[in-house]
Amino acid sequence: MNHVQLVRERWIRRSLLIATGISAGAILFIFVLLVYFCLPLITSGGMSSVLSWQWKPFAGEFGILPMCAGSLLLSVFALGLAFPAAIGICGFATVLAARSLARFTLVLVHFMTSIPTVIYGFVSVFLLVPLVRDWFSTGTGFSFLTAGLSLSLLILPTIVLVFHARLQQIDPALRLAAEAMGLTPVRQFLHVLVPAASRGLVVAAILGFGRAIGDTLISLMLAGNAPRIPDSLFDSIRTLTAHIALVLATDSQSMSYRSVFASGLILFLLMGAANFFIRRMDRGPGENRYENGR
Amino acid sequence: MGIQKRRVDGVVILAVCFFFGLMQGVAFCGALDGFSGLEGTIAIAGGTAHIPVMNDAAKNIMTVNPGIRITVEGGGSGVGVQKVGEGLADIGNTGRALSELEIAKYGLKSFAFALDGVAAAVHPENPVSDLSPQQVRDIFAGSITNWKAVGGMDAPIHLFCRDEASGTREVFWEKLLKKGPVAATANIVASNGAMKVAISQDKNAIGYVGIGHVDQSLKALKLEGIAATQENAMNGSYPVVRKLYMNTRGEPSKLVRTFIDYVMGPECADIIKKYGYIPLK
């Protein structure tokens, strides 16, 4: 390597380091800011009021636990719907479908990622909400179920694309061997490919979960936003993100406004935890031997 | 040929310019005189109900005075207070009176310029069209849960409310519900528009919107025979009304002051009426 290349490499490395430093610093700064805004809550003893089950701002109760529960319930529900569907789509695109059809499916999934969330939201308001209300003839249609269905549609492409990318990384020799042993395509997928890419499956699920818990518009537009624990699928719920959006739009100095920062901190920590698990999965013991280039 | 055509174009352009000049003279003489000689920018943010009025006023001013730039953003009452308080906007709009905390923290001054009524509203096909205030209170408290109890069909009542800090919610809760309880099961929507969509799609729904937002997609309920109209809000017979405010931090600058005077003046009164609100002067 000649001198010019060496210098260039050094500069590339430096600029990358600076870019990394800036993004890491920004994240740290956001965290510090959230904690700073939450400090008055902690020191004034307001935290116990915020970590309770009652949200009645005019009675002085600012509990955000129903929203935490709402966020978790909705995300788990959406993931429960989207995850099996995503595995099915990946199986279809990897082993079952003809090449052109598989490509078409993937193009479709790619297209789904480019649809803005608000479109899922308002189309659901006009199509899904009346359907849910009429079919089950209970509740208003703005419900846990409606939001969960739309949200699962939103996170589906994320899961499909991440998992499919992992499947592509699997050593082709593995599939050849499976083929040679006379496994049908479905069995190849279920018993060879999926186990070989199992960690990719976990990463895809966690990314999908993170997307679901961070989404604001779908729950804001469809879930009904009643701040309480739902009794059934047809009840209205409120998520942390929708709560933040609702309070922030109209308030500025009250206790409810400050509770928003606690909501933000909880969301931040949840997302952090999800990412932490992804890292753990990627670095865990027993490095996967079947994936190429790893 | 080409030269001739160009000349004709020139004549047309001149004529158009002349025509517009004439129009401007007719339309804007007087009310906009205060802006002559003024330059600078006005940033406006906050209450979404204010936006159409602010936009029209800004357009009129900027058409005559190219030296003045006015930007209008939404965000809601809370954002309005925040932005004007932090000096990020010159005027912060709110659909509610400022809290003492807000005034004390930022030293804000309020200018009320319009009145907006809030009406309880149901689906147009709902046979119920007149309720007593007590019935409305019972419905929103969750003690009446079937439309049959107030003379409607045998169907459950679907409650829709606005978020806790919305200006529309505040006036409805104070003036009609008398700060009474609201059922925890009520659905919460984020804007007047979302409320309209929710009610217009659900035959069993009840909610409330600014009177300016009432159209054929939903039915505004009468209160013991008094229709929720701008006229009744203005003459005081319909009680559920709120004011729309512009707020500045401390005394407004000359330009901002002129803008506020313009919005509160006679020419803007027509704009305010056009969007369904009632000018205060």
# chains A, B, ... in the order shown; residues from 1 in each chain; ligands from 1

call {"tool": "residues_around", "arguments": {"residues": "segment 209-226 of chain B", "least_positions_apart": "2", "cutoff": "8 Å", "atoms": "only C-alpha atoms", "output": "NGL selection string"}}
result
:B and (116-124 or 128-133 or 168 or 192-193 or 195-196 or 199-200 or 207 or 228-230 or 232 or 237-238 or 275-277)

call {"tool": "interface_residues", "arguments": {"of": "chain B", "to": "chain A", "cutoff": "7 Å", "atoms": "only C-alpha atoms", "output": "JSON, numbers by chain"}}
result
{"B": [75, 76, 77, 78, 79, 81, 82, 102, 158, 163, 165, 166, 184, 185, 186, 187, 188, 189, 190]}

call {"tool": "select_by_dssp", "arguments": {"residues": "segment 95-128 of chain B", "states": "helix (DSSP H, G or I)", "output": "list in words"}}
result
Glu100, Leu101, Glu102, Ile103, Ala104, Lys105 and Tyr106 of chain B

call {"tool": "write_last_selection", "arguments": {"atoms": "N, CA, C and O atoms", "output": "tab-separated table (two decimals), in the first residue's frame"}}
result
chain	number	residue	atom	x	y	z
B	100	GLU	N	-52.14	30.68	34.89
B	100	GLU	CA	-51.33	31.65	35.63
B	100	GLU	C	-49.85	31.28	35.57
B	100	GLU	O	-48.98	32.12	35.49
B	101	LEU	N	-49.61	29.96	35.62
B	101	LEU	CA	-48.24	29.47	35.54
B	101	LEU	C	-47.56	29.92	34.26
B	101	LEU	O	-46.41	30.36	34.25
B	102	GLU	N	-48.31	29.78	33.16
B	102	GLU	CA	-47.76	30.14	31.85
B	102	GLU	C	-47.48	31.63	31.77
B	102	GLU	O	-46.43	32.06	31.27
B	103	ILE	N	-48.43	32.44	32.27
B	103	ILE	CA	-48.23	33.89	32.23
B	103	ILE	C	-47.02	34.28	33.09
B	103	ILE	O	-46.17	35.07	32.68
B	104	ALA	N	-46.94	33.67	34.28
B	104	ALA	CA	-45.86	34.02	35.19
B	104	ALA	C	-44.51	33.60	34.65
B	104	ALA	O	-43.52	34.32	34.74
B	105	LYS	N	-44.46	32.41	34.06
B	105	LYS	CA	-43.16	31.88	33.61
B	105	LYS	C	-42.57	32.70	32.47
B	105	LYS	O	-41.38	32.97	32.44
B	106	TYR	N	-43.44	33.08	31.50
B	106	TYR	CA	-42.91	33.71	30.30
B	106	TYR	C	-43.25	35.21	30.20
B	106	TYR	O	-42.77	35.88	29.30

call {"tool": "select_by_dssp", "arguments": {"residues": "segment 102-184 of chain B", "states": "strand (DSSP E)", "output": "PyMOL selection string"}}
result
chain B and resi 108-122+130-131+158-162

call {"tool": "residues_around", "arguments": {"residues": "Phe111 of chain B", "least_positions_apart": "2", "cutoff": "8 Å", "atoms": "only C-alpha atoms", "output": "PyMOL selection string"}}
result
chain B and resi 109+113+245-247+260

call {"tool": "write_last_selection", "arguments": {"atoms": "C-alpha atoms", "output": "mmCIF file, in the first residue's frame"}}
result
data_model
loop_
_atom_site.group_PDB
_atom_site.id
_atom_site.type_symbol
_atom_site.label_atom_id
_atom_site.label_comp_id
_atom_site.auth_asym_id
_atom_site.auth_seq_id
_atom_site.Cartn_x
_atom_site.Cartn_y
_atom_site.Cartn_z
ATOM 1 C CA LYS B 109 -49.775 39.000 27.028
ATOM 2 C CA PHE B 113 -59.908 38.168 18.814
ATOM 3 C CA TYR B 245 -56.285 34.156 21.664
ATOM 4 C CA MET B 246 -53.066 35.464 20.183
ATOM 5 C CA ASN B 247 -50.283 35.699 22.765
ATOM 6 C CA ILE B 260 -52.721 41.996 15.975
#

call {"tool": "residues_around", "arguments": {"residues": "segment 160-163 of chain A", "least_positions_apart": "5", "cutoff": "8 Å", "atoms": "only C-alpha atoms", "output": "list of chain:residue names"}}
result
A:Ala86, A:Ile87, A:Ile89, A:Cys90, A:Val109, A:His110, A:Ala197, A:Gly200, A:Leu201, A:Val203, A:Ala204

call {"tool": "atom_distance", "arguments": {"atom1": "atom CA of Ile278 of chain B", "atom2": "atom CA of Met234 of chain B"}}
result
7.0 Å

call {"tool": "closest_atom_pairs", "arguments": {"of": "segment 116-199 of chain A", "to": "segment 68-80 of chain A", "cutoff": "6 Å", "atoms": "only C-alpha atoms", "output": "JSON lines"}}
result
{"residue": "A:Gly148", "atom": "CA", "partner": "A:Ala78", "partner_atom": "CA", "distance": 5.0}
{"residue": "A:Leu151", "atom": "CA", "partner": "A:Ala78", "partner_atom": "CA", "distance": 5.8}
{"residue": "A:Ser152", "atom": "CA", "partner": "A:Ala78", "partner_atom": "CA", "distance": 4.4}

call {"tool": "residues_around", "arguments": {"residues": "Ser48 of chain A", "least_positions_apart": "2", "cutoff": "12 Å", "atoms": "only C-alpha atoms", "output": "mmCIF file with C-alpha atoms, in the first residue's frame"}}
result
data_model
loop_
_atom_site.group_PDB
_atom_site.id
_atom_site.type_symbol
_atom_site.label_atom_id
_atom_site.label_comp_id
_atom_site.auth_asym_id
_atom_site.auth_seq_id
_atom_site.Cartn_x
_atom_site.Cartn_y
_atom_site.Cartn_z
ATOM 1 C CA LEU A 41 -40.513 14.517 39.156
ATOM 2 C CA ILE A 42 -38.116 12.342 41.110
ATOM 3 C CA THR A 43 -37.065 14.996 43.610
ATOM 4 C CA SER A 44 -40.555 16.387 44.216
ATOM 5 C CA GLY A 45 -41.932 12.899 44.818
ATOM 6 C CA GLY A 46 -44.061 13.173 41.693
ATOM 7 C CA VAL A 50 -46.585 9.116 37.605
ATOM 8 C CA LEU A 51 -45.983 5.431 38.228
ATOM 9 C CA SER A 52 -49.579 4.664 39.127
ATOM 10 C CA TRP A 53 -52.606 3.235 37.369
ATOM 11 C CA GLN A 54 -54.842 6.309 37.265
ATOM 12 C CA GLU A 61 -53.433 11.801 39.164
ATOM 13 C CA PHE A 62 -50.863 11.349 36.444
ATOM 14 C CA GLY A 63 -50.329 7.615 36.252
ATOM 15 C CA ILE A 64 -48.792 6.395 33.020
ATOM 16 C CA LEU A 65 -48.740 2.686 33.849
ATOM 17 C CA SER A 259 -45.227 13.176 32.971
ATOM 18 C CA ALA A 262 -41.216 10.083 32.165
#

call {"tool": "residues_around", "arguments": {"residues": "Leu265 of chain A", "least_positions_apart": "4", "cutoff": "10 Å", "atoms": "only C-alpha atoms", "output": "list in words"}}
result
Ile30, Phe31, Val32, Leu33, Leu34, Val35, Phe37, Cys38, Ser259, Val260, Phe261, Leu269, Leu270 and Met271 of chain A

call {"tool": "write_last_selection", "arguments": {"atoms": "N, CA, C and O atoms", "output": "mmCIF file, in the first residue's frame"}}
result
data_model
loop_
_atom_site.group_PDB
_atom_site.id
_atom_site.type_symbol
_atom_site.label_atom_id
_atom_site.label_comp_id
_atom_site.auth_asym_id
_atom_site.auth_seq_id
_atom_site.Cartn_x
_atom_site.Cartn_y
_atom_site.Cartn_z
ATOM 1 N N ILE A 30 -29.614 12.827 24.344
ATOM 2 C CA ILE A 30 -31.065 12.647 24.476
ATOM 3 C C ILE A 30 -31.388 11.992 25.817
ATOM 4 O O ILE A 30 -32.285 12.430 26.551
ATOM 5 N N PHE A 31 -30.601 10.967 26.156
ATOM 6 C CA PHE A 31 -30.835 10.255 27.410
ATOM 7 C C PHE A 31 -30.654 11.195 28.599
ATOM 8 O O PHE A 31 -31.512 11.279 29.486
ATOM 9 N N VAL A 32 -29.556 11.949 28.580
ATOM 10 C CA VAL A 32 -29.275 12.864 29.694
ATOM 11 C C VAL A 32 -30.387 13.903 29.805
ATOM 12 O O VAL A 32 -30.868 14.230 30.894
ATOM 13 N N LEU A 33 -30.846 14.409 28.649
ATOM 14 C CA LEU A 33 -31.901 15.411 28.640
ATOM 15 C C LEU A 33 -33.188 14.866 29.247
ATOM 16 O O LEU A 33 -33.841 15.524 30.066
ATOM 17 N N LEU A 34 -33.548 13.642 28.849
ATOM 18 C CA LEU A 34 -34.766 13.022 29.388
ATOM 19 C C LEU A 34 -34.668 12.872 30.898
ATOM 20 O O LEU A 34 -35.595 13.201 31.637
ATOM 21 N N VAL A 35 -33.507 12.378 31.353
ATOM 22 C CA VAL A 35 -33.321 12.209 32.794
ATOM 23 C C VAL A 35 -33.398 13.564 33.487
ATOM 24 O O VAL A 35 -34.056 13.721 34.518
ATOM 25 N N PHE A 37 -35.047 16.225 32.558
ATOM 26 C CA PHE A 37 -36.418 16.708 32.638
ATOM 27 C C PHE A 37 -37.242 15.896 33.620
ATOM 28 O O PHE A 37 -38.258 16.362 34.125
ATOM 29 N N CYS A 38 -36.817 14.668 33.873
ATOM 30 C CA CYS A 38 -37.538 13.835 34.831
ATOM 31 C C CYS A 38 -37.111 14.130 36.263
ATOM 32 O O CYS A 38 -37.812 13.769 37.204
ATOM 33 N N SER A 259 -45.112 14.639 33.004
ATOM 34 C CA SER A 259 -45.227 13.176 32.971
ATOM 35 C C SER A 259 -44.844 12.631 31.607
ATOM 36 O O SER A 259 -44.461 11.478 31.467
ATOM 37 N N VAL A 260 -44.942 13.502 30.587
ATOM 38 C CA VAL A 260 -44.573 13.085 29.238
ATOM 39 C C VAL A 260 -43.100 12.692 29.174
ATOM 40 O O VAL A 260 -42.712 11.744 28.483
ATOM 41 N N PHE A 261 -42.270 13.411 29.940
ATOM 42 C CA PHE A 261 -40.847 13.090 29.901
ATOM 43 C C PHE A 261 -40.567 11.738 30.546
ATOM 44 O O PHE A 261 -39.685 11.005 30.102
ATOM 45 N N LEU A 269 -35.824 3.646 27.354
ATOM 46 C CA LEU A 269 -35.222 2.492 28.005
ATOM 47 C C LEU A 269 -35.711 1.188 27.373
ATOM 48 O O LEU A 269 -34.936 0.245 27.192
ATOM 49 N N LEU A 270 -37.011 1.153 27.006
ATOM 50 C CA LEU A 270 -37.550 -0.047 26.359
ATOM 51 C C LEU A 270 -36.827 -0.325 25.051
ATOM 52 O O LEU A 270 -36.407 -1.451 24.771
ATOM 53 N N MET A 271 -36.681 0.740 24.244
ATOM 54 C CA MET A 271 -36.008 0.572 22.960
ATOM 55 C C MET A 271 -34.550 0.172 23.179
ATOM 56 O O MET A 271 -34.002 -0.671 22.466
#

call {"tool": "closest_residue", "arguments": {"among": "B:Val72, B:Ile139, B:Val240, B:Ala149", "to": "Thr41 of chain B", "atoms": "only C-alpha atoms"}}
result
B:Val72

call {"tool": "atom_distance", "arguments": {"atom1": "atom CA of Pro84 of chain A", "atom2": "atom CA of Pro195 of chain A"}}
result
14.8 Å

call {"tool": "decode", "arguments": {"residues": "segment 54-106 of chain B", "atoms": "C-alpha atoms", "output": "PDB file, in the first residue's frame"}}
result
ATOM      1  CA  MET B  54     -54.040  33.664  10.295  1.00  0.00           C
ATOM      2  CA  ASN B  55     -53.313  32.418   6.777  1.00  0.00           C
ATOM      3  CA  ASP B  56     -55.830  34.739   5.126  1.00  0.00           C
ATOM      4  CA  ALA B  57     -54.711  37.748   7.145  1.00  0.00           C
ATOM      5  CA  ALA B  58     -51.070  36.980   6.326  1.00  0.00           C
ATOM      6  CA  LYS B  59     -51.854  36.616   2.636  1.00  0.00           C
ATOM      7  CA  ASN B  60     -53.640  39.979   2.498  1.00  0.00           C
ATOM      8  CA  ILE B  61     -50.767  41.723   4.257  1.00  0.00           C
ATOM      9  CA  MET B  62     -47.985  40.114   2.253  1.00  0.00           C
ATOM     10  CA  THR B  63     -49.701  40.835  -1.071  1.00  0.00           C
ATOM     11  CA  VAL B  64     -49.469  44.556  -0.427  1.00  0.00           C
ATOM     12  CA  ASN B  65     -46.230  44.638   1.580  1.00  0.00           C
ATOM     13  CA  PRO B  66     -43.490  42.520   0.033  1.00  0.00           C
ATOM     14  CA  GLY B  67     -41.150  43.571   2.837  1.00  0.00           C
ATOM     15  CA  ILE B  68     -43.165  41.662   5.419  1.00  0.00           C
ATOM     16  CA  ARG B  69     -42.889  37.858   5.772  1.00  0.00           C
ATOM     17  CA  ILE B  70     -45.436  36.056   7.899  1.00  0.00           C
ATOM     18  CA  THR B  71     -45.157  32.329   8.614  1.00  0.00           C
ATOM     19  CA  VAL B  72     -48.028  30.355  10.135  1.00  0.00           C
ATOM     20  CA  GLU B  73     -47.545  27.016  11.874  1.00  0.00           C
ATOM     21  CA  GLY B  74     -49.902  24.825  13.868  1.00  0.00           C
ATOM     22  CA  GLY B  75     -48.982  22.525  16.701  1.00  0.00           C
ATOM     23  CA  GLY B  76     -51.768  23.174  19.185  1.00  0.00           C
ATOM     24  CA  SER B  77     -52.270  25.565  22.069  1.00  0.00           C
ATOM     25  CA  GLY B  78     -49.478  24.060  24.157  1.00  0.00           C
ATOM     26  CA  VAL B  79     -46.972  24.400  21.346  1.00  0.00           C
ATOM     27  CA  GLY B  80     -48.114  27.989  20.833  1.00  0.00           C
ATOM     28  CA  VAL B  81     -47.366  28.880  24.437  1.00  0.00           C
ATOM     29  CA  GLN B  82     -44.068  27.045  24.371  1.00  0.00           C
ATOM     30  CA  LYS B  83     -42.859  28.658  21.166  1.00  0.00           C
ATOM     31  CA  VAL B  84     -43.814  32.226  21.974  1.00  0.00           C
ATOM     32  CA  GLY B  85     -42.480  31.795  25.503  1.00  0.00           C
ATOM     33  CA  GLU B  86     -39.110  30.525  24.322  1.00  0.00           C
ATOM     34  CA  GLY B  87     -38.901  33.279  21.729  1.00  0.00           C
ATOM     35  CA  LEU B  88     -39.221  30.860  18.784  1.00  0.00           C
ATOM     36  CA  ALA B  89     -42.390  32.572  17.577  1.00  0.00           C
ATOM     37  CA  ASP B  90     -43.639  36.140  17.742  1.00  0.00           C
ATOM     38  CA  ILE B  91     -47.245  35.141  18.231  1.00  0.00           C
ATOM     39  CA  GLY B  92     -48.370  31.959  19.995  1.00  0.00           C
ATOM     40  CA  ASN B  93     -52.013  31.086  19.423  1.00  0.00           C
ATOM     41  CA  THR B  94     -54.142  29.355  22.020  1.00  0.00           C
ATOM     42  CA  GLY B  95     -57.742  28.193  21.983  1.00  0.00           C
ATOM     43  CA  ARG B  96     -57.870  28.611  25.739  1.00  0.00           C
ATOM     44  CA  ALA B  97     -56.976  31.289  28.274  1.00  0.00           C
ATOM     45  CA  LEU B  98     -53.396  31.010  29.527  1.00  0.00           C
ATOM     46  CA  SER B  99     -52.807  29.456  32.912  1.00  0.00           C
ATOM     47  CA  GLU B 100     -51.328  31.648  35.633  1.00  0.00           C
ATOM     48  CA  LEU B 101     -48.237  29.470  35.544  1.00  0.00           C
ATOM     49  CA  GLU B 102     -47.758  30.135  31.852  1.00  0.00           C
ATOM     50  CA  ILE B 103     -48.231  33.892  32.232  1.00  0.00           C
ATOM     51  CA  ALA B 104     -45.865  34.015  35.193  1.00  0.00           C
ATOM     52  CA  LYS B 105     -43.161  31.883  33.608  1.00  0.00           C
ATOM     53  CA  TYR B 106     -42.906  33.714  30.300  1.00  0.00           C
TER      54      TYR B 106
END
